[in-house]
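Q: So that you have it, the file is upload05.cif, and it contains mmCIF, C-alpha atoms:
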```cif
data_start
loop_
_atom_site.group_PDB
_atom_site.id
_atom_site.type_symbol
_atom_site.label_atom_id
_atom_site.label_comp_id
_atom_site.auth_asym_id
_atom_site.auth_seq_id
_atom_site.Cartn_x
_atom_site.Cartn_y
_atom_site.Cartn_z
ATOM 1 C CA MET A 175 -6.300 -3.267 -15.185
ATOM 2 C CA PRO A 176 -9.727 -4.709 -14.701
ATOM 3 C CA ASP A 177 -10.285 -6.513 -18.008
ATOM 4 C CA TRP A 178 -11.967 -4.760 -20.939
ATOM 5 C CA VAL A 179 -15.250 -6.579 -20.280
ATOM 6 C CA VAL A 180 -15.506 -4.569 -17.043
ATOM 7 C CA HIS A 181 -14.511 -1.279 -18.674
ATOM 8 C CA VAL A 182 -16.961 -1.703 -21.566
ATOM 9 C CA ALA A 183 -19.792 -2.982 -19.329
ATOM 10 C CA VAL A 184 -19.421 -0.111 -16.843
ATOM 11 C CA ALA A 185 -19.311 2.489 -19.644
ATOM 12 C CA TRP A 186 -22.446 1.011 -21.211
ATOM 13 C CA THR A 187 -24.273 0.793 -17.867
ATOM 14 C CA LEU A 188 -23.466 4.403 -17.011
ATOM 15 C CA CYS A 189 -24.661 5.625 -20.427
ATOM 16 C CA ARG A 190 -27.833 3.545 -20.242
ATOM 17 C CA ILE A 191 -28.707 4.997 -16.832
ATOM 18 C CA LEU A 192 -27.886 8.563 -17.916
ATOM 19 C CA ARG A 193 -29.996 8.088 -21.064
ATOM 20 C CA PHE A 194 -33.157 8.204 -18.938
ATOM 21 C CA LYS A 195 -32.348 11.891 -18.333
ATOM 22 C CA TYR A 196 -30.133 12.699 -21.326
ATOM 23 C CA PRO A 197 -31.538 11.213 -24.560
ATOM 24 C CA GLN A 198 -28.403 12.431 -26.400
ATOM 25 C CA LEU A 199 -26.715 9.300 -25.081
ATOM 26 C CA ASP A 200 -28.248 7.192 -27.832
ATOM 27 C CA PRO A 201 -26.677 3.847 -28.872
ATOM 28 C CA ALA A 202 -24.248 5.501 -31.338
ATOM 29 C CA ASN A 203 -22.952 7.937 -28.720
ATOM 30 C CA THR A 204 -22.864 5.151 -26.135
ATOM 31 C CA ALA A 205 -20.633 3.194 -28.537
ATOM 32 C CA LEU A 206 -18.186 6.131 -28.484
ATOM 33 C CA VAL A 207 -18.132 6.172 -24.676
ATOM 34 C CA MET A 208 -17.464 2.419 -24.719
ATOM 35 C CA VAL A 209 -14.571 2.910 -27.152
ATOM 36 C CA GLY A 210 -13.193 5.692 -24.945
ATOM 37 C CA SER A 211 -13.333 3.378 -21.950
ATOM 38 C CA VAL A 212 -10.521 1.241 -23.401
ATOM 39 C CA PHE A 213 -8.413 4.120 -24.795
ATOM 40 C CA PRO A 214 -5.972 4.275 -21.847
ATOM 41 C CA ASP A 215 -5.222 0.584 -22.418
ATOM 42 C CA ALA A 216 -3.674 1.479 -25.777
ATOM 43 C CA ILE A 217 -0.575 0.921 -23.628
ATOM 44 C CA LYS A 218 -1.241 -2.818 -24.127
ATOM 45 C CA ILE A 219 0.278 -2.490 -27.607
ATOM 46 C CA SER A 220 3.444 -3.001 -25.559
ATOM 47 C CA ILE A 221 2.459 -6.676 -25.171
ATOM 48 C CA LEU A 222 2.964 -7.099 -28.930
ATOM 49 C CA PHE A 223 6.355 -5.352 -28.697
ATOM 50 C CA GLU A 224 7.202 -7.582 -25.729
ATOM 51 C CA LEU A 225 6.559 -10.661 -27.873
ATOM 52 C CA MET A 226 9.143 -9.238 -30.285
ATOM 53 C CA GLY A 227 11.601 -8.842 -27.392
ATOM 54 C CA LEU A 228 11.202 -5.054 -27.171
ATOM 55 C CA ASP A 229 10.476 -3.249 -23.897
ATOM 56 C CA TRP A 230 8.319 -0.241 -24.819
ATOM 57 C CA TRP A 231 6.217 -0.157 -21.635
ATOM 58 C CA ASP A 232 7.891 2.965 -20.226
ATOM 59 C CA TYR A 233 7.618 4.837 -23.529
ATOM 60 C CA LEU A 234 3.940 4.043 -24.020
ATOM 61 C CA HIS A 235 2.952 4.446 -20.383
ATOM 62 C CA ALA A 236 1.836 8.031 -21.072
ATOM 63 C CA PHE A 237 -1.183 6.496 -22.879
ATOM 64 C CA HIS A 238 -2.258 5.165 -19.488
ATOM 65 C CA LEU A 239 -2.245 8.600 -17.882
ATOM 66 C CA PRO A 240 -5.244 10.954 -18.099
ATOM 67 C CA ILE A 241 -3.422 13.573 -20.173
ATOM 68 C CA GLY A 242 -2.112 10.991 -22.661
ATOM 69 C CA ALA A 243 -5.509 9.337 -22.984
ATOM 70 C CA PHE A 244 -7.237 12.709 -23.511
ATOM 71 C CA LEU A 245 -4.679 13.564 -26.211
ATOM 72 C CA LEU A 246 -5.467 10.238 -27.897
ATOM 73 C CA ALA A 247 -9.173 11.121 -27.664
ATOM 74 C CA GLY A 248 -8.389 14.493 -29.249
ATOM 75 C CA ILE A 249 -6.600 12.793 -32.142
ATOM 76 C CA ALA A 250 -9.441 10.289 -32.611
ATOM 77 C CA ALA A 251 -12.093 13.050 -32.395
ATOM 78 C CA LEU A 252 -10.568 14.665 -35.485
ATOM 79 C CA LEU A 253 -11.947 11.694 -37.425
ATOM 80 C CA PHE A 254 -15.553 12.599 -36.567
ATOM 81 C CA LYS A 255 -17.846 15.248 -38.024
ATOM 82 C CA GLU A 256 -18.957 16.488 -34.606
ATOM 83 C CA LYS A 257 -15.494 16.667 -33.124
ATOM 84 C CA LYS A 258 -16.361 18.340 -29.835
ATOM 85 C CA THR A 259 -19.129 15.844 -29.069
ATOM 86 C CA ALA A 260 -16.903 12.918 -30.047
ATOM 87 C CA PHE A 261 -14.123 14.225 -27.803
ATOM 88 C CA LEU A 262 -16.481 14.656 -24.840
ATOM 89 C CA LEU A 263 -17.957 11.180 -25.269
ATOM 90 C CA LEU A 264 -14.541 9.516 -25.626
ATOM 91 C CA SER A 265 -13.357 11.482 -22.568
ATOM 92 C CA MET A 266 -16.339 10.270 -20.581
ATOM 93 C CA GLY A 267 -15.256 6.693 -21.326
ATOM 94 C CA ILE A 268 -11.677 7.544 -20.328
ATOM 95 C CA ILE A 269 -12.877 8.888 -16.968
ATOM 96 C CA THR A 270 -14.768 5.642 -16.258
ATOM 97 C CA HIS A 271 -11.560 3.738 -17.099
ATOM 98 C CA PHE A 272 -9.456 5.605 -14.547
ATOM 99 C CA ALA A 273 -12.219 5.441 -11.930
ATOM 100 C CA LEU A 274 -12.093 1.639 -12.228
ATOM 101 C CA ASP A 275 -8.301 1.403 -12.384
ATOM 102 C CA LEU A 276 -8.056 3.391 -9.151
ATOM 103 C CA LEU A 277 -9.607 0.379 -7.391
ATOM 104 C CA LEU A 278 -6.632 -1.861 -8.247
ATOM 105 C CA ILE A 279 -4.052 -3.100 -5.768
ATOM 106 C CA GLN A 280 -0.680 -1.632 -6.749
ATOM 107 C CA LEU A 281 2.686 -1.940 -5.044
ATOM 108 C CA GLY A 282 4.031 1.027 -6.989
ATOM 109 C CA ASN A 283 2.960 4.637 -6.840
ATOM 110 C CA GLY A 284 -0.507 4.176 -8.343
ATOM 111 C CA ILE A 285 -1.876 6.299 -11.187
ATOM 112 C CA TYR A 286 -0.353 9.729 -11.744
ATOM 113 C CA LEU A 287 -3.709 11.440 -12.256
ATOM 114 C CA PHE A 288 -2.240 14.943 -12.471
ATOM 115 C CA TYR A 289 0.912 14.214 -14.496
ATOM 116 C CA PRO A 290 2.780 16.295 -15.712
ATOM 117 C CA ILE A 291 1.774 18.855 -13.041
ATOM 118 C CA SER A 292 2.238 16.442 -10.143
ATOM 119 C CA TRP A 293 3.844 13.010 -9.687
ATOM 120 C CA MET A 294 1.518 12.093 -6.839
ATOM 121 C CA GLY A 295 0.166 8.582 -7.430
ATOM 122 C CA PHE A 296 -3.359 7.508 -6.534
ATOM 123 C CA SER A 297 -4.633 4.011 -5.757
ATOM 124 C CA LEU A 298 -7.385 2.638 -3.519
ATOM 125 C CA ASN A 299 -5.730 -0.836 -3.343
ATOM 126 C CA LEU A 300 -9.024 -2.738 -3.227
ATOM 127 C CA VAL A 301 -9.105 -5.218 -6.145
ATOM 128 C CA PRO A 302 -6.405 -7.605 -7.456
ATOM 129 C CA ASN A 303 -5.349 -7.092 -11.058
ATOM 130 C CA ASP A 304 -6.747 -10.347 -12.480
ATOM 131 C CA ASP A 305 -9.873 -10.641 -10.325
ATOM 132 C CA TYR A 306 -12.754 -12.079 -12.351
ATOM 133 C CA VAL A 307 -15.367 -11.497 -9.629
ATOM 134 C CA ILE A 308 -15.477 -7.827 -10.615
ATOM 135 C CA THR A 309 -16.072 -8.950 -14.238
ATOM 136 C CA ILE A 310 -19.051 -11.078 -13.221
ATOM 137 C CA ALA A 311 -20.409 -8.284 -11.001
ATOM 138 C CA ALA A 312 -20.100 -5.697 -13.814
ATOM 139 C CA LEU A 313 -21.862 -8.023 -16.279
ATOM 140 C CA LEU A 314 -24.689 -8.757 -13.820
ATOM 141 C CA VAL A 315 -25.228 -5.046 -13.165
ATOM 142 C CA ALA A 316 -25.207 -4.325 -16.929
ATOM 143 C CA LEU A 317 -27.712 -7.124 -17.525
ATOM 144 C CA SER A 318 -30.008 -5.833 -14.756
ATOM 145 C CA VAL A 319 -29.872 -2.306 -16.177
ATOM 146 C CA TYR A 320 -30.599 -3.698 -19.667
ATOM 147 C CA PHE A 321 -33.744 -5.537 -18.522
ATOM 148 C CA PHE A 322 -34.851 -2.612 -16.355
ATOM 149 C CA SER A 323 -34.476 -0.139 -19.241
ATOM 150 C CA ARG A 324 -36.452 -2.443 -21.547
ATOM 151 C CA TRP A 325 -39.212 -2.682 -18.948
ATOM 152 C CA VAL A 326 -39.301 1.119 -18.586
ATOM 153 C CA GLU A 327 -39.463 1.592 -22.377
ATOM 154 C CA LYS A 328 -42.323 -0.916 -22.717
ATOM 155 C CA ARG A 329 -44.250 0.883 -19.982
ATOM 156 C CA ARG A 330 -43.702 4.218 -21.709
ATOM 157 C CA LEU A 331 -45.018 2.780 -24.976
ATOM 158 C CA LYS A 332 -48.126 1.393 -23.231
ATOM 159 C CA ILE A 333 -48.870 4.758 -21.586
ATOM 160 C CA THR A 334 -48.531 6.674 -24.869
ATOM 161 C CA MET B 141 -9.810 27.315 -34.574
ATOM 162 C CA SER B 142 -12.327 25.848 -36.982
ATOM 163 C CA LEU B 143 -11.383 22.333 -38.077
ATOM 164 C CA GLU B 144 -13.708 22.026 -41.043
ATOM 165 C CA THR B 145 -11.072 21.714 -43.768
ATOM 166 C CA SER B 146 -8.994 18.550 -44.005
ATOM 167 C CA ARG B 147 -5.794 20.619 -44.025
ATOM 168 C CA LYS B 148 -6.604 22.234 -40.666
ATOM 169 C CA ARG B 149 -7.526 18.828 -39.291
ATOM 170 C CA ALA B 150 -4.214 17.392 -40.449
ATOM 171 C CA VAL B 151 -2.286 20.263 -38.833
ATOM 172 C CA MET B 152 -4.146 19.818 -35.553
ATOM 173 C CA GLY B 153 -3.613 16.041 -35.744
ATOM 174 C CA ILE B 154 0.138 16.491 -36.214
ATOM 175 C CA ILE B 155 0.310 18.955 -33.284
ATOM 176 C CA LEU B 156 -1.530 16.512 -31.009
ATOM 177 C CA ILE B 157 0.634 13.557 -32.126
ATOM 178 C CA LEU B 158 3.808 15.574 -31.473
ATOM 179 C CA LEU B 159 2.495 16.547 -28.033
ATOM 180 C CA LEU B 160 1.771 12.887 -27.288
ATOM 181 C CA ILE B 161 5.235 11.792 -28.431
ATOM 182 C CA GLY B 162 6.791 14.531 -26.269
ATOM 183 C CA LEU B 163 4.763 13.354 -23.300
ATOM 184 C CA CYS B 164 5.821 9.713 -23.865
ATOM 185 C CA ILE B 165 9.516 10.670 -24.008
ATOM 186 C CA HIS B 166 9.249 12.959 -20.960
ATOM 187 C CA TYR B 167 7.497 10.269 -18.914
ATOM 188 C CA ALA B 168 9.984 7.542 -19.883
ATOM 189 C CA ASN B 169 12.937 9.778 -18.935
ATOM 190 C CA GLU B 170 11.514 11.088 -15.666
ATOM 191 C CA TYR B 171 9.338 8.436 -14.027
ATOM 192 C CA GLU B 172 12.123 6.505 -12.302
ATOM 193 C CA ILE B 173 13.152 9.597 -10.321
ATOM 194 C CA HIS B 174 9.652 9.787 -8.854
ATOM 195 C CA LEU B 175 9.161 6.117 -7.928
ATOM 196 C CA LYS B 176 8.337 5.342 -4.290
ATOM 197 C CA HIS B 177 11.132 2.732 -4.307
ATOM 198 C CA PRO B 178 14.021 2.535 -6.824
ATOM 199 C CA SER B 179 13.650 -0.082 -9.534
ATOM 200 C CA TYR B 180 15.706 -1.660 -12.324
ATOM 201 C CA GLY B 181 17.104 1.632 -13.637
ATOM 202 C CA ALA B 182 18.706 2.416 -10.258
ATOM 203 C CA ILE B 183 19.774 -1.219 -9.698
ATOM 204 C CA LEU B 184 21.642 -1.284 -13.011
ATOM 205 C CA SER B 185 23.263 2.128 -12.594
ATOM 206 C CA ASP B 186 23.884 2.669 -8.843
ATOM 207 C CA TYR B 187 23.027 -0.690 -7.210
ATOM 208 C CA PRO B 188 21.505 0.743 -3.993
ATOM 209 C CA GLN B 189 22.382 -2.257 -1.777
ATOM 210 C CA GLY B 190 20.551 -2.302 1.567
ATOM 211 C CA GLU B 191 17.770 -0.030 0.299
ATOM 212 C CA LEU B 192 14.132 -0.925 -0.325
ATOM 213 C CA VAL B 193 13.562 -1.558 -4.032
ATOM 214 C CA ASN B 194 10.544 -2.498 -6.130
ATOM 215 C CA VAL B 195 11.217 -5.099 -8.807
ATOM 216 C CA GLY B 196 8.899 -7.132 -10.955
ATOM 217 C CA GLY B 197 8.860 -9.597 -13.777
ATOM 218 C CA THR B 198 8.136 -13.185 -14.737
ATOM 219 C CA VAL B 199 8.937 -16.092 -12.421
ATOM 220 C CA THR B 200 11.372 -18.425 -14.204
ATOM 221 C CA HIS B 201 12.626 -20.819 -11.488
ATOM 222 C CA ILE B 202 11.394 -21.779 -8.036
ATOM 223 C CA TYR B 203 13.790 -23.218 -5.424
ATOM 224 C CA GLY B 204 11.949 -24.056 -2.204
ATOM 225 C CA ASP B 205 11.877 -20.793 -0.278
ATOM 226 C CA SER B 206 13.207 -18.577 -3.039
ATOM 227 C CA PHE B 207 12.527 -17.927 -6.701
ATOM 228 C CA LEU B 208 14.032 -16.245 -9.736
ATOM 229 C CA VAL B 209 12.376 -13.369 -11.588
ATOM 230 C CA GLU B 210 13.345 -12.141 -15.050
ATOM 231 C CA GLU B 211 12.499 -8.793 -16.605
ATOM 232 C CA ASN B 212 13.299 -7.254 -19.980
ATOM 233 C CA TYR B 213 14.426 -3.751 -18.983
ATOM 234 C CA HIS B 214 14.814 -1.642 -22.129
ATOM 235 C CA GLY B 215 16.163 -4.633 -24.051
ATOM 236 C CA GLN B 216 18.403 -5.882 -21.239
ATOM 237 C CA ILE B 217 17.338 -9.085 -19.456
ATOM 238 C CA VAL B 218 17.725 -8.665 -15.691
ATOM 239 C CA ALA B 219 17.372 -11.635 -13.314
ATOM 240 C CA MET B 220 16.658 -11.140 -9.605
ATOM 241 C CA LYS B 221 16.584 -13.823 -6.909
ATOM 242 C CA ILE B 222 13.883 -13.343 -4.281
ATOM 243 C CA ILE B 223 14.862 -15.009 -0.987
ATOM 244 C CA ASN B 224 12.681 -16.014 2.002
ATOM 245 C CA SER B 225 9.439 -15.078 0.325
ATOM 246 C CA SER B 226 7.206 -17.960 1.479
ATOM 247 C CA THR B 227 6.100 -16.167 4.657
ATOM 248 C CA ILE B 228 4.844 -13.242 2.579
ATOM 249 C CA ILE B 229 3.117 -15.260 -0.166
ATOM 250 C CA LYS B 230 0.061 -16.541 1.673
ATOM 251 C CA ASN B 231 -2.685 -18.701 0.144
ATOM 252 C CA HIS B 232 -0.924 -18.711 -3.219
ATOM 253 C CA LYS B 233 1.164 -21.389 -4.892
ATOM 254 C CA LEU B 234 3.794 -19.745 -7.034
ATOM 255 C CA SER B 235 4.373 -21.257 -10.510
ATOM 256 C CA PRO B 236 6.788 -20.497 -13.338
ATOM 257 C CA GLN B 237 5.527 -17.754 -15.690
ATOM 258 C CA ASP B 238 3.552 -16.008 -12.922
ATOM 259 C CA LYS B 239 3.957 -12.223 -12.933
ATOM 260 C CA VAL B 240 5.172 -10.768 -9.636
ATOM 261 C CA SER B 241 5.938 -7.374 -8.192
ATOM 262 C CA VAL B 242 8.134 -7.346 -5.085
ATOM 263 C CA VAL B 243 9.098 -4.664 -2.585
ATOM 264 C CA GLY B 244 12.112 -5.707 -0.531
ATOM 265 C CA VAL B 245 15.646 -4.962 0.579
ATOM 266 C CA LEU B 246 18.294 -5.279 -2.115
ATOM 267 C CA GLY B 247 21.098 -7.645 -1.136
ATOM 268 C CA PRO B 248 24.302 -8.551 -3.005
ATOM 269 C CA ASP B 249 24.331 -10.288 -6.419
ATOM 270 C CA ASN B 250 20.869 -9.204 -7.595
ATOM 271 C CA GLN B 251 19.078 -10.683 -4.602
ATOM 272 C CA ILE B 252 16.103 -9.381 -2.655
ATOM 273 C CA VAL B 253 16.927 -10.543 0.846
ATOM 274 C CA THR B 254 14.022 -9.234 2.942
ATOM 275 C CA VAL B 255 10.672 -9.218 1.189
ATOM 276 C CA GLN B 256 8.179 -6.692 2.569
ATOM 277 C CA GLU B 257 5.352 -6.849 0.039
ATOM 278 C CA ILE B 258 4.642 -9.092 -2.908
ATOM 279 C CA ASP B 259 1.881 -9.048 -5.502
ATOM 280 C CA VAL B 260 1.415 -12.240 -7.543
ATOM 281 C CA ASN B 261 -0.651 -12.489 -10.722
ATOM 282 C CA ASP B 262 -0.769 -16.112 -11.788
ATOM 283 C CA TYR B 263 -0.160 -16.944 -15.431
ATOM 284 C CA THR B 264 -3.517 -18.663 -16.000
ATOM 285 C CA GLY B 265 -5.338 -15.639 -14.589
ATOM 286 C CA TYR B 266 -3.302 -13.361 -16.849
ATOM 287 C CA VAL B 267 -4.086 -15.431 -19.964
ATOM 288 C CA LEU B 268 -7.797 -15.512 -19.043
ATOM 289 C CA LEU B 269 -7.739 -11.736 -18.530
ATOM 290 C CA LEU B 270 -6.262 -11.278 -22.011
ATOM 291 C CA PHE B 271 -8.852 -13.671 -23.458
ATOM 292 C CA ARG B 272 -11.756 -11.804 -21.805
ATOM 293 C CA SER B 273 -10.318 -8.536 -23.068
ATOM 294 C CA PHE B 274 -10.039 -9.949 -26.598
ATOM 295 C CA LEU B 275 -13.735 -10.926 -26.482
ATOM 296 C CA ALA B 276 -14.612 -7.413 -25.295
ATOM 297 C CA LEU B 277 -12.572 -5.924 -28.137
ATOM 298 C CA ALA B 278 -14.399 -8.045 -30.727
ATOM 299 C CA PHE B 279 -17.758 -6.984 -29.219
ATOM 300 C CA LEU B 280 -16.663 -3.335 -29.208
ATOM 301 C CA PHE B 281 -15.646 -3.561 -32.857
ATOM 302 C CA TYR B 282 -19.055 -5.022 -33.747
ATOM 303 C CA ILE B 283 -20.993 -2.363 -31.786
ATOM 304 C CA PHE B 284 -18.946 0.531 -33.192
ATOM 305 C CA ASN B 285 -19.274 -0.802 -36.726
ATOM 306 C CA ARG B 286 -23.029 -1.118 -36.256
ATOM 307 C CA TYR B 287 -23.541 2.568 -35.481
ATOM 308 C CA TRP B 288 -20.650 4.253 -37.278
ATOM 309 C CA CYS B 289 -19.096 3.910 -40.715
ATOM 310 C CA PHE B 290 -16.025 5.494 -42.219
ATOM 311 C CA ASN B 291 -16.485 7.824 -45.162
ATOM 312 C CA LEU B 292 -13.273 7.796 -47.193
ATOM 313 C CA GLU B 293 -14.115 10.957 -49.158
ATOM 314 C CA SER B 294 -14.501 13.183 -46.118
ATOM 315 C CA PHE B 295 -12.119 10.988 -44.094
ATOM 316 C CA GLU B 296 -14.582 10.946 -41.217
ATOM 317 C CA PHE B 297 -16.690 8.527 -39.239
ATOM 318 C CA ARG B 298 -20.384 9.101 -39.819
ATOM 319 C CA ARG B 299 -23.483 7.727 -38.149
ATOM 320 C CA ARG B 300 -25.097 4.875 -40.048
#
```
Output the file's structure in the form of structure tokens.
A:
Amino acid sequence: MPDWVVHVAVAWTLCRILRFKYPQLDPANTALVMVGSVFPDAIKISILFELMGLDWWDYLHAFHLPIGAFLLAGIAALLFKEKKTAFLLLSMGIITHFALDLLLIQLGNGIYLFYPISWMGFSLNLVPNDDYVITIAALLVALSVYFFSRWVEKRRLKIT
Amino acid sequence: MSLETSRKRAVMGIILILLLIGLCIHYANEYEIHLKHPSYGAILSDYPQGELVNVGGTVTHIYGDSFLVEENYHGQIVAMKIINSSTIIKNHKLSPQDKVSVVGVLGPDNQIVTVQEIDVNDYTGYVLLLFRSFLALAFLFYIFNRYWCFNLESFEFRRR
């Protein structure tokens, strides 16, 4: 996985850019997209089991598949008043997660995007698993978008 | 189906959780059949000597040109010796505790005799990745808590 800094930064950046056109992506909704962006990594609970000497990776791997992550989003969305909106926002974060994970170098089959319909794995094999350059790049892009959006908002205020 | 009452929400939640559990069990039982190369499951049951296999785990010992990898496979510790790997591992000094994934030909006595591909994630990089992810998680918790709060009476998250 790219680390969670990358996942969260990319989700935020995407929402901030889309907010210029879709004001519904306000900070509260953006927070939901950011949460959704780490949902597939619920599989990392296995690290805690591993510390206890238990191998649960294979059993929890379904969390790291689109269908499993969307089911998790469905369960989480039940805890919100606007369930449909919450589900869509969490799902948007999940999609950004898999888009980033597709970049990773994998010796195995890659991500089974269409499981359980198909076992075809997908991977672009571009970025090593623990590469921190992608983290720095994602943070720099997020920072640029942050300053740009502030500049745009100040200009809007001056005009009005 | 309207999910306005807490009873309907609970029913839907249980259905989704059961679906997720079913998916987890199905994946864990089926994924090894669909792997590009056989892995620990096949090694322990059929021992496909002479075939290409994909094994991974934590480096425990390094002996010149070969090294030992250990993996907890469903509670069973499996050790594999990777032989003649130095020509494949370029620009990387292997250390104990590094995580590796190896594709190679399975020889006798749990040995990989001809390594074709190897992916090394060094231990320090892995720890730093976890640390960065922990920071992201703390930030995510703060952001979510800033815009959403949990209402115990309605058992729902609401905007602040």
Q: May I have the residues within 7 Å of region 204-218 of chain A as a PDB file with C-alpha atoms, in the frame of the given file, using all atoms listed in the file and disregarding those fewer than 5 positions away in the same chain?
A:
```pdb
ATOM      1  CA  TRP A 178     -11.967  -4.760 -20.939  1.00  0.00           C
ATOM      2  CA  HIS A 181     -14.511  -1.279 -18.674  1.00  0.00           C
ATOM      3  CA  VAL A 182     -16.961  -1.703 -21.566  1.00  0.00           C
ATOM      4  CA  ALA A 185     -19.311   2.489 -19.644  1.00  0.00           C
ATOM      5  CA  TRP A 186     -22.446   1.011 -21.211  1.00  0.00           C
ATOM      6  CA  CYS A 189     -24.661   5.625 -20.427  1.00  0.00           C
ATOM      7  CA  LEU A 199     -26.715   9.300 -25.081  1.00  0.00           C
ATOM      8  CA  LEU A 234       3.940   4.043 -24.020  1.00  0.00           C
ATOM      9  CA  HIS A 235       2.952   4.446 -20.383  1.00  0.00           C
ATOM     10  CA  PHE A 237      -1.183   6.496 -22.879  1.00  0.00           C
ATOM     11  CA  HIS A 238      -2.258   5.165 -19.488  1.00  0.00           C
ATOM     12  CA  LEU A 239      -2.245   8.600 -17.882  1.00  0.00           C
ATOM     13  CA  ALA A 243      -5.509   9.337 -22.984  1.00  0.00           C
ATOM     14  CA  LEU A 263     -17.957  11.180 -25.269  1.00  0.00           C
ATOM     15  CA  LEU A 264     -14.541   9.516 -25.626  1.00  0.00           C
ATOM     16  CA  SER A 265     -13.357  11.482 -22.568  1.00  0.00           C
ATOM     17  CA  MET A 266     -16.339  10.270 -20.581  1.00  0.00           C
ATOM     18  CA  GLY A 267     -15.256   6.693 -21.326  1.00  0.00           C
ATOM     19  CA  ILE A 268     -11.677   7.544 -20.328  1.00  0.00           C
ATOM     20  CA  THR A 270     -14.768   5.642 -16.258  1.00  0.00           C
ATOM     21  CA  HIS A 271     -11.560   3.738 -17.099  1.00  0.00           C
TER      22      HIS A 271
ATOM     23  CA  LEU B 280     -16.663  -3.335 -29.208  1.00  0.00           C
ATOM     24  CA  ILE B 283     -20.993  -2.363 -31.786  1.00  0.00           C
ATOM     25  CA  PHE B 284     -18.946   0.531 -33.192  1.00  0.00           C
TER      26      PHE B 284
END
```
Q: Measuring between only C-alpha atoms, which one of A:Asn303, A:Thr187, A:Ser220, A:Gln198 shows the shortest distance to chain B?
A: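 Of A:Asn303, A:Thr187, A:Ser220, A:Gln198, the one nearest chain B, counting only C-alpha atoms, is A:Asn303.
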Q: Any chance you could tabulate, as a tab-separated table, the residues of chain B at most 7 Å from chain A with each one's nearest atom pair and distance in Å to one decimal, using only C-alpha atoms, in chain and rising number order?
A:
```
residue	atom	partner	partner_atom	distance
B:Arg149	CA	A:Leu252	CA	6.4
B:Gly153	CA	A:Ile249	CA	5.7
B:Leu156	CA	A:Ile249	CA	6.4
B:Leu160	CA	A:Gly242	CA	6.3
B:Leu163	CA	A:Ala236	CA	6.5
B:Cys164	CA	A:Ala236	CA	5.1
B:Ile165	CA	A:Tyr233	CA	6.2
B:Tyr167	CA	A:Ala236	CA	6.5
B:Ala168	CA	A:Asp232	CA	5.0
B:His174	CA	A:Trp293	CA	6.7
B:Leu175	CA	A:Asn283	CA	6.5
B:Lys176	CA	A:Asn283	CA	6.0
B:Asn212	CA	A:Asp229	CA	6.3
B:Tyr213	CA	A:Asp229	CA	6.3
B:His214	CA	A:Asp229	CA	5.0
B:Gly215	CA	A:Asp229	CA	5.9
B:Asn261	CA	A:Asp304	CA	6.7
B:Gly265	CA	A:Asp304	CA	5.9
B:Tyr266	CA	A:Asp304	CA	6.3
B:Leu269	CA	A:Asp177	CA	5.8
B:Arg272	CA	A:Val179	CA	6.5
B:Ser273	CA	A:Trp178	CA	4.6
B:Ala276	CA	A:Val179	CA	5.1
B:Leu280	CA	A:Val209	CA	6.9
B:Ile283	CA	A:Ala205	CA	6.4
B:Phe284	CA	A:Ala205	CA	5.6
B:Tyr287	CA	A:Ala202	CA	5.1
B:Phe295	CA	A:Leu253	CA	6.7
B:Glu296	CA	A:Leu253	CA	4.7
B:Phe297	CA	A:Phe254	CA	5.0
B:Arg298	CA	A:Phe254	CA	6.8
```
Q: Just give me the gap between CA of Ala273 (chain A) and CA of Val326 (chain A) in Å, one decimal is fine.
A: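 Distance reported for this atom pair: 28.2 Å.
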Q: Just the number, please: distance in Å from CA of Pro188 (chain B) to CA of Asn224 (chain B), one decimal.
A: 19.9 Å
Q: Suppose you want the space between CA of Asn250 (chain B) and CA of Ser179 (chain B); what is it in Å?
A: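 Between these atoms lies a distance of 11.8 Å.
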Q: Residues at most 7 Å from Gln189 (chain B), counting all atoms listed in the file, excluding those fewer than 4 positions away in the same chain, as a PyMOL selection string?
A: chain B and resi 246-248
Q: Kindly provide, as JSON, the centre and edge lengths (Å, one decimal) of an axis-aligned box around all atoms of region 206-209 of chain B given in the file, with 3 Å on each side.
A:
```
{"center_x": 13.2, "center_y": -16.0, "center_z": -7.3, "size_x": 7.7, "size_y": 11.2, "size_z": 14.5}
```
Q: Apply the PyMOL selection byres ((chain A and resi 320) around 12) to the displayed file and report the matching residues as a list in words.
A: Ala183, Trp186, Thr187, Leu188, Cys189, Arg190, Ile191, Arg193, Leu313, Leu314, Val315, Ala316, Leu317, Ser318, Val319, Phe321, Phe322, Ser323, Arg324, Trp325, Val326 and Glu327 of chain A
Q: Calculated over all atoms listed in the file, which of the candidates B:Leu159, B:Val255, B:Leu275, B:Ile173 has the smallest distance to Phe207 (chain B)?
A: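 Closest residue, counting all atoms listed in the file: B:Val255.
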Q: Given the file shown, determine the residues that the PyMOL selection byres ((chain B and resi 253) around 12) selects; report them as a list in words.
A: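 So the PyMOL selection byres ((chain B and resi 253) around 12) ends up selecting Gln189, Gly190, Glu191, Leu192, Val193, Asp205, Ser206, Phe207, Met220, Lys221, Ile222, Ile223, Asn224, Ser225, Val242, Val243, Gly244, Val245, Leu246, Gly247, Pro248, Asp249, Asn250, Gln251, Ile252, Thr254, Val255 and Gln256 of chain B.
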Q: Which residues match the PyMOL selection byres ((chain A and resi 278) around 6) in the file above, as a count of residues only?
A: 8
Q: In terms of the shortest atom-to-atom distance over only C-alpha atoms, which of B:Leu292, B:Leu234, B:Leu184, B:Leu277 is closest to Tyr263 (chain B)?
A: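 Of B:Leu292, B:Leu234, B:Leu184, B:Leu277, the one nearest Tyr263 (chain B), counting only C-alpha atoms, is B:Leu234.
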